[in-house]
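Below is one structure, written out as structure tokens, with a few remarks after it.
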Amino acid sequence: MSRSHLTKLRMSNGVWHGLLTGAGDEASVVVTHLGAELPGVILTRTDEGHEVSVPIPAASLSDGVQTFVLTDGQTGQVLTSFAILCGDVLDQDLRVRVDLLRQELELLKRAFRRQFAD
């Protein structure tokens, strides 16, 4: 039995796309979010394997990090996962990190100047 492998291709228009290889003709992918299975997963046979399309329901998006897990529908093997970050929580978190980086950069600049001023 060959081992399935799922590679991300792109995310566009609210749909995650990937390429499933090594799954054979009876390929099946299950996507879960917060323990619930997402409907609407589409597998399309291609020369390379199967293209997997996962439409992201608007109801599954909210503030913070939302993680989606893709598993082989036959074996239960975790193939991959992806996360979507959104909302005010993310905005504040990024601002805090950028501010911290600026402060550290200022410390490094002062230490550098002291080192070469002597």
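Each chain in the structure tokens gets a letter, A, B and so on, in the order shown; residues start at 1 in every chain, and ligands are counted from 1 in the order they appear.
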
Report task. Based on DSSP run over this structure's backbone, return all residues of range 8-117 of chain A in alpha helix (DSSP H), as a PyMOL selection string. Result -> chain A and resi 88-117

Requested in this report: Write out as a list in words all residues of range 26-72 of chain A that backbone DSSP assigns to strand (DSSP E or B).
Outcome: Val29, Val30, Val31, Thr32, His33, Ala36, Glu37, Ile42, Leu43, Thr44, Arg45, His50, Glu51, Val52, Ser53, Val54, Pro55, Gly64, Val65, Gln66, Thr67, Phe68, Val69, Leu70, Thr71 and Asp72 of chain A

Query raised in the report: Which residues, written as number ranges by chain, have at least one atom at most 10 Å from Gly87 in chain A, with only C-alpha atoms counted and residues fewer than 4 positions away on the same chain left out?
Result: A: 61-65, 91-92

**Report entry** Nearby residues (only C-alpha atoms) at most 8 Å from His33 in chain A, same-chain spacing under 4 positions excluded, as number ranges by chain
**Finding:** A: 37-38, 60, 66-69

Using the selection just defined, write its residues with C-alpha atoms as a PDB file, in the first residue's frame.
```pdb
ATOM      1  CA  GLU A  37     -16.174  17.547   9.261  1.00  0.00           C
ATOM      2  CA  LEU A  38     -16.431  20.217   6.559  1.00  0.00           C
ATOM      3  CA  SER A  60     -15.779  28.769  10.233  1.00  0.00           C
ATOM      4  CA  GLN A  66      -8.626  28.709  12.757  1.00  0.00           C
ATOM      5  CA  THR A  67      -6.921  25.378  11.993  1.00  0.00           C
ATOM      6  CA  PHE A  68      -8.132  22.911   9.374  1.00  0.00           C
ATOM      7  CA  VAL A  69      -6.842  19.312   9.351  1.00  0.00           C
TER       8      VAL A  69
END
```

Report task. Pick out the residues sitting within 12 Å of Phe82 in chain A, and hand them over as a PyMOL selection string; count only C-alpha atoms, and ignore anything fewer than 6 positions along from it in its own chain. Result -> chain A and resi 6-8+10-11+15-18+31-33+54+56+65-71

Report task. One decimal, Å: what's the distance from CA of Val52 in chain A over to CA of Thr75 in chain A, could you say? Result ->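 Going from CA of Val52 in chain A over to CA of Thr75 in chain A covers 16.9 Å.
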
**Report entry** Pick from A:Asp72, A:Pro57, A:Glu51, A:Arg45, whichever lies nearest to Ile84 in chain A using only C-alpha atoms
**Finding:** A:Pro57

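Of note, CA of Asp47 in chain A and CA of Leu20 in chain A are spaced 11.1 Å apart.
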
Report task. Extract, using only C-alpha atoms, all DNA, RNA and protein residues at most 8 Å from Ala27 in chain A, discarding same-chain residues fewer than 5 positions from it, and format them as an NGL selection string. Result -> :A and (43 or 50 or 72-74)

Requested in this report: Find, counting only C-alpha atoms, the residue in A:Arg110, A:Leu34, A:Thr21, A:Val29 that gets nearest to Ala83 in chain A.
Outcome: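 Looking at the shortest contact to Ala83 in chain A, the residue is A:Leu34.
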
Query raised in the report: What does the distance from CA of Pro55 in chain A to CA of Pro39 in chain A come to in Å, to one decimal?
Result: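 It comes out at 8.4 Å.
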